[in-house]
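Asker: Below is the file start03.pdb, which contains PDB, C-alpha atoms, pLDDT in the B column.
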MODEL        1
ATOM      1  CA  MET H   1     -39.331 -79.896  84.430  1.00 49.00           C
ATOM      2  CA  VAL H   2     -36.175 -80.718  82.506  1.00 50.00           C
ATOM      3  CA  LYS H   3     -37.017 -78.094  79.882  1.00 54.00           C
ATOM      4  CA  LYS H   4     -37.419 -75.414  82.544  1.00 56.00           C
ATOM      5  CA  THR H   5     -33.984 -76.248  83.966  1.00 55.00           C
ATOM      6  CA  ARG H   6     -32.421 -76.046  80.518  1.00 56.00           C
ATOM      7  CA  ASN H   7     -34.165 -72.728  79.830  1.00 61.00           C
ATOM      8  CA  ARG H   8     -32.845 -71.290  83.090  1.00 61.00           C
ATOM      9  CA  LYS H   9     -29.318 -72.389  82.216  1.00 58.00           C
ATOM     10  CA  CYS H  10     -29.640 -70.792  78.783  1.00 62.00           C
ATOM     11  CA  ASP H  11     -30.980 -67.579  80.322  1.00 70.00           C
ATOM     12  CA  VAL H  12     -28.070 -67.480  82.764  1.00 67.00           C
ATOM     13  CA  LEU H  13     -25.590 -67.786  79.893  1.00 66.00           C
ATOM     14  CA  LYS H  14     -27.348 -65.299  77.605  1.00 74.00           C
ATOM     15  CA  LYS H  15     -26.763 -62.305  79.861  1.00 73.00           C
ATOM     16  CA  PRO H  16     -22.927 -62.465  80.008  1.00 69.00           C
ATOM     17  CA  ILE H  17     -22.639 -63.463  76.346  1.00 69.00           C
ATOM     18  CA  ASN H  18     -24.844 -60.546  75.273  1.00 74.00           C
ATOM     19  CA  PHE H  19     -22.903 -58.212  77.570  1.00 70.00           C
ATOM     20  CA  LEU H  20     -19.584 -59.236  76.007  1.00 67.00           C
ATOM     21  CA  ALA H  21     -21.005 -59.037  72.490  1.00 70.00           C
ATOM     22  CA  ASP H  22     -22.206 -55.482  73.148  1.00 71.00           C
ATOM     23  CA  TRP H  23     -19.016 -54.520  74.962  1.00 65.00           C
ATOM     24  CA  HIS H  24     -16.474 -55.629  72.382  1.00 65.00           C
ATOM     25  CA  PRO H  25     -17.956 -57.240  69.287  1.00 68.00           C
ATOM     26  CA  LEU H  26     -15.472 -59.414  67.443  1.00 71.00           C
ATOM     27  CA  PRO H  27     -15.767 -60.495  63.824  1.00 79.00           C
ATOM     28  CA  PHE H  28     -16.307 -64.205  63.227  1.00 81.00           C
ATOM     29  CA  TYR H  29     -12.839 -64.770  61.751  1.00 83.00           C
ATOM     30  CA  GLU H  30     -11.227 -63.177  64.809  1.00 81.00           C
ATOM     31  CA  LEU H  31     -13.248 -65.341  67.194  1.00 80.00           C
ATOM     32  CA  MET H  32     -12.245 -68.451  65.258  1.00 84.00           C
ATOM     33  CA  SER H  33      -8.579 -67.474  65.249  1.00 86.00           C
ATOM     34  CA  TYR H  34      -8.614 -67.018  69.027  1.00 84.00           C
ATOM     35  CA  ILE H  35     -10.307 -70.396  69.483  1.00 85.00           C
ATOM     36  CA  LEU H  36      -7.616 -72.076  67.393  1.00 88.00           C
ATOM     37  CA  ILE H  37      -4.830 -70.255  69.209  1.00 88.00           C
ATOM     38  CA  TYR H  38      -6.232 -71.078  72.650  1.00 87.00           C
ATOM     39  CA  ALA H  39      -6.931 -74.702  71.700  1.00 88.00           C
ATOM     40  CA  SER H  40      -3.356 -75.119  70.525  1.00 88.00           C
ATOM     41  CA  VAL H  41      -1.987 -74.643  74.062  1.00 87.00           C
ATOM     42  CA  PRO H  42      -3.198 -77.952  75.554  1.00 88.00           C
ATOM     43  CA  MET H  43      -2.892 -79.688  72.183  1.00 87.00           C
ATOM     44  CA  LEU H  44       0.827 -78.857  72.100  1.00 87.00           C
ATOM     45  CA  ALA H  45       1.181 -80.171  75.639  1.00 87.00           C
ATOM     46  CA  TYR H  46      -0.491 -83.496  74.816  1.00 87.00           C
ATOM     47  CA  GLY H  47       1.137 -83.942  71.420  1.00 85.00           C
ATOM     48  CA  ILE H  48      -0.134 -85.931  68.476  1.00 81.00           C
ATOM     49  CA  GLN H  49      -2.325 -88.745  69.753  1.00 85.00           C
ATOM     50  CA  ALA H  50      -5.914 -89.870  69.832  1.00 87.00           C
ATOM     51  CA  TYR H  51      -7.700 -87.490  72.171  1.00 86.00           C
ATOM     52  CA  ASP H  52     -10.118 -89.009  74.621  1.00 90.00           C
ATOM     53  CA  LEU H  53     -13.014 -87.178  76.255  1.00 92.00           C
ATOM     54  CA  GLU H  54     -10.876 -85.959  79.167  1.00 91.00           C
ATOM     55  CA  ILE H  55      -8.389 -84.217  76.876  1.00 89.00           C
ATOM     56  CA  VAL H  56     -11.208 -82.654  74.843  1.00 90.00           C
ATOM     57  CA  ARG H  57     -12.725 -81.375  78.099  1.00 91.00           C
ATOM     58  CA  ILE H  58      -9.369 -79.833  79.061  1.00 90.00           C
ATOM     59  CA  ILE H  59      -9.109 -78.185  75.635  1.00 90.00           C
ATOM     60  CA  ILE H  60     -12.600 -76.684  75.972  1.00 90.00           C
ATOM     61  CA  LEU H  61     -11.929 -75.462  79.526  1.00 91.00           C
ATOM     62  CA  THR H  62      -8.646 -73.931  78.356  1.00 91.00           C
ATOM     63  CA  ILE H  63     -10.444 -72.058  75.578  1.00 89.00           C
ATOM     64  CA  LEU H  64     -13.086 -70.757  78.012  1.00 88.00           C
ATOM     65  CA  THR H  65     -10.493 -69.768  80.611  1.00 90.00           C
ATOM     66  CA  MET H  66      -8.312 -67.922  78.133  1.00 90.00           C
ATOM     67  CA  TYR H  67     -11.324 -66.141  76.620  1.00 84.00           C
ATOM     68  CA  SER H  68     -12.326 -65.060  80.128  1.00 84.00           C
ATOM     69  CA  GLY H  69      -8.866 -63.619  80.695  1.00 87.00           C
ATOM     70  CA  PHE H  70      -8.923 -61.937  77.290  1.00 85.00           C
ATOM     71  CA  PHE H  71     -12.255 -60.224  77.936  1.00 82.00           C
ATOM     72  CA  ALA H  72     -11.238 -59.350  81.501  1.00 84.00           C
ATOM     73  CA  ALA H  73      -8.183 -57.584  80.089  1.00 86.00           C
ATOM     74  CA  LEU H  74     -10.344 -55.712  77.568  1.00 80.00           C
ATOM     75  CA  ILE H  75     -12.743 -54.593  80.285  1.00 80.00           C
ATOM     76  CA  TRP H  76      -9.915 -53.572  82.628  1.00 84.00           C
ATOM     77  CA  ASN H  77      -8.296 -51.599  79.810  1.00 81.00           C
ATOM     78  CA  ASP H  78     -11.565 -49.772  79.107  1.00 77.00           C
ATOM     79  CA  ILE H  79     -11.946 -48.896  82.785  1.00 80.00           C
ATOM     80  CA  THR H  80      -8.388 -47.669  83.327  1.00 82.00           C
ATOM     81  CA  ASP H  81      -8.186 -45.782  80.029  1.00 77.00           C
ATOM     82  CA  ALA H  82     -11.614 -44.155  80.206  1.00 75.00           C
ATOM     83  CA  ASP H  83     -10.131 -40.640  80.390  1.00 76.00           C
ATOM     84  CA  THR H  84      -7.940 -41.170  77.321  1.00 75.00           C
ATOM     85  CA  ASP H  85     -10.677 -42.993  75.426  1.00 68.00           C
ATOM     86  CA  ALA H  86     -13.049 -40.099  76.044  1.00 68.00           C
ATOM     87  CA  ILE H  87     -10.754 -37.955  73.893  1.00 72.00           C
ATOM     88  CA  VAL H  88      -9.457 -40.406  71.299  1.00 71.00           C
ATOM     89  CA  PRO H  89     -12.225 -42.948  70.476  1.00 65.00           C
ATOM     90  CA  PRO H  90     -15.253 -41.694  72.462  1.00 63.00           C
ATOM     91  CA  ASP H  91     -17.488 -44.449  71.099  1.00 67.00           C
ATOM     92  CA  ARG H  92     -16.057 -47.034  73.541  1.00 66.00           C
ATOM     93  CA  PRO H  93     -18.663 -48.196  76.129  1.00 68.00           C
ATOM     94  CA  VAL H  94     -17.232 -46.674  79.327  1.00 68.00           C
ATOM     95  CA  PRO H  95     -16.343 -43.188  77.973  1.00 68.00           C
ATOM     96  CA  ALA H  96     -19.576 -43.003  76.000  1.00 71.00           C
ATOM     97  CA  GLY H  97     -21.514 -43.718  79.199  1.00 71.00           C
ATOM     98  CA  THR H  98     -23.377 -46.775  77.896  1.00 72.00           C
ATOM     99  CA  ILE H  99     -21.765 -48.851  80.671  1.00 71.00           C
ATOM    100  CA  SER H 100     -20.667 -47.350  83.978  1.00 72.00           C
ATOM    101  CA  LYS H 101     -17.366 -48.222  85.620  1.00 67.00           C
ATOM    102  CA  LYS H 102     -19.244 -49.709  88.561  1.00 71.00           C
ATOM    103  CA  ASN H 103     -21.423 -51.969  86.378  1.00 67.00           C
ATOM    104  CA  SER H 104     -18.458 -53.185  84.360  1.00 64.00           C
ATOM    105  CA  LEU H 105     -16.868 -54.731  87.430  1.00 60.00           C
TER
ENDMDL
END
Represent the structure from my file as structure tokens, please.
Answerer:
Amino acid sequence: MVKKTRNRKCDVLKKPINFLADWHPLPFYELMSYILIYASVPMLAYGIQAYDLEIVRIIILTILTMYSGFFAALIWNDITDADTDAIVPPDRPVPAGTISKKNSL
């Protein structure tokens, strides 16, 4: 029963992660640089000290929140610039028609 619950949670997470990977694939070094940049925000606020579990949790939530905002901005940009992207780089997901404007929201 526990394995089924874990599998469901993994399946729930796979869909948005795969969607984002297909939408705007980022190289590994770029992903790592964003993680370090986003992690630095709460780390600067807390300063140099021994981090307990609560601070680590805040750092992880900050990284996830900022990544969500980053990808939301990318998606919004693709939606609003679909007409321009159809002319300039037509391989983007919305202008190419691989993802509709309605499904992206």
Asker: In Å, rounded to a single decimal, give me how far CA of Phe70 in chain H is from CA of Leu53 in chain H.
Answerer: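 So the two atoms, CA of Leu53 in chain H and CA of Phe70 in chain H, lie 25.6 Å apart.
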Asker: Selection in question (the file shown): the PyMOL selection byres ((chain H and resi 67) around 12). Which residues does it include, as a list in words?
Answerer: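 When the PyMOL selection byres ((chain H and resi 67) around 12) is applied to the shown file, the picked residues are Ile17, Leu20, Leu31, Met32, Ser33, Tyr34, Ile35, Leu36, Ile37, Tyr38, Ala39, Ile60, Leu61, Thr62, Ile63, Leu64, Thr65, Met66, Ser68, Gly69, Phe70, Phe71, Ala72, Ala73 and Leu74 of chain H.
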Asker: Please dump the current selection as a PDB file, keeping the file's coordinate frame; keep C-alpha atoms.
Answerer:
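See out-v8.pdb below for the written result:
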ATOM      1  CA  ILE H  17     -22.639 -63.463  76.346  1.00 69.00           C
ATOM      2  CA  LEU H  20     -19.584 -59.236  76.007  1.00 67.00           C
ATOM      3  CA  LEU H  31     -13.248 -65.341  67.194  1.00 80.00           C
ATOM      4  CA  MET H  32     -12.245 -68.451  65.258  1.00 84.00           C
ATOM      5  CA  SER H  33      -8.579 -67.474  65.249  1.00 86.00           C
ATOM      6  CA  TYR H  34      -8.614 -67.018  69.027  1.00 84.00           C
ATOM      7  CA  ILE H  35     -10.307 -70.396  69.483  1.00 85.00           C
ATOM      8  CA  LEU H  36      -7.616 -72.076  67.393  1.00 88.00           C
ATOM      9  CA  ILE H  37      -4.830 -70.255  69.209  1.00 88.00           C
ATOM     10  CA  TYR H  38      -6.232 -71.078  72.650  1.00 87.00           C
ATOM     11  CA  ALA H  39      -6.931 -74.702  71.700  1.00 88.00           C
ATOM     12  CA  ILE H  60     -12.600 -76.684  75.972  1.00 90.00           C
ATOM     13  CA  LEU H  61     -11.929 -75.462  79.526  1.00 91.00           C
ATOM     14  CA  THR H  62      -8.646 -73.931  78.356  1.00 91.00           C
ATOM     15  CA  ILE H  63     -10.444 -72.058  75.578  1.00 89.00           C
ATOM     16  CA  LEU H  64     -13.086 -70.757  78.012  1.00 88.00           C
ATOM     17  CA  THR H  65     -10.493 -69.768  80.611  1.00 90.00           C
ATOM     18  CA  MET H  66      -8.312 -67.922  78.133  1.00 90.00           C
ATOM     19  CA  SER H  68     -12.326 -65.060  80.128  1.00 84.00           C
ATOM     20  CA  GLY H  69      -8.866 -63.619  80.695  1.00 87.00           C
ATOM     21  CA  PHE H  70      -8.923 -61.937  77.290  1.00 85.00           C
ATOM     22  CA  PHE H  71     -12.255 -60.224  77.936  1.00 82.00           C
ATOM     23  CA  ALA H  72     -11.238 -59.350  81.501  1.00 84.00           C
ATOM     24  CA  ALA H  73      -8.183 -57.584  80.089  1.00 86.00           C
ATOM     25  CA  LEU H  74     -10.344 -55.712  77.568  1.00 80.00           C
TER      26      LEU H  74
END
Asker: Just how far from CA of Pro42 in chain H is CA of Ile55 in chain H, in Å to one decimal?
Answerer: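 Rounded to one decimal, the two atoms are 8.2 Å apart.
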Asker: Could you tell me how far CA of Phe19 in chain H lies from CA of Ser100 in chain H, in Å and to one decimal?
Answerer: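 Interatomic distance here is 12.8 Å.
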Asker: Give the answer as one residue: which of H:Ile75, H:Glu54, H:Thr80, H:Ile87 has the shortest atom-to-atom distance to Asp22 in chain H, using only C-alpha atoms?
Answerer: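 Using only C-alpha atoms, Asp22 in chain H sits closest to H:Ile75.
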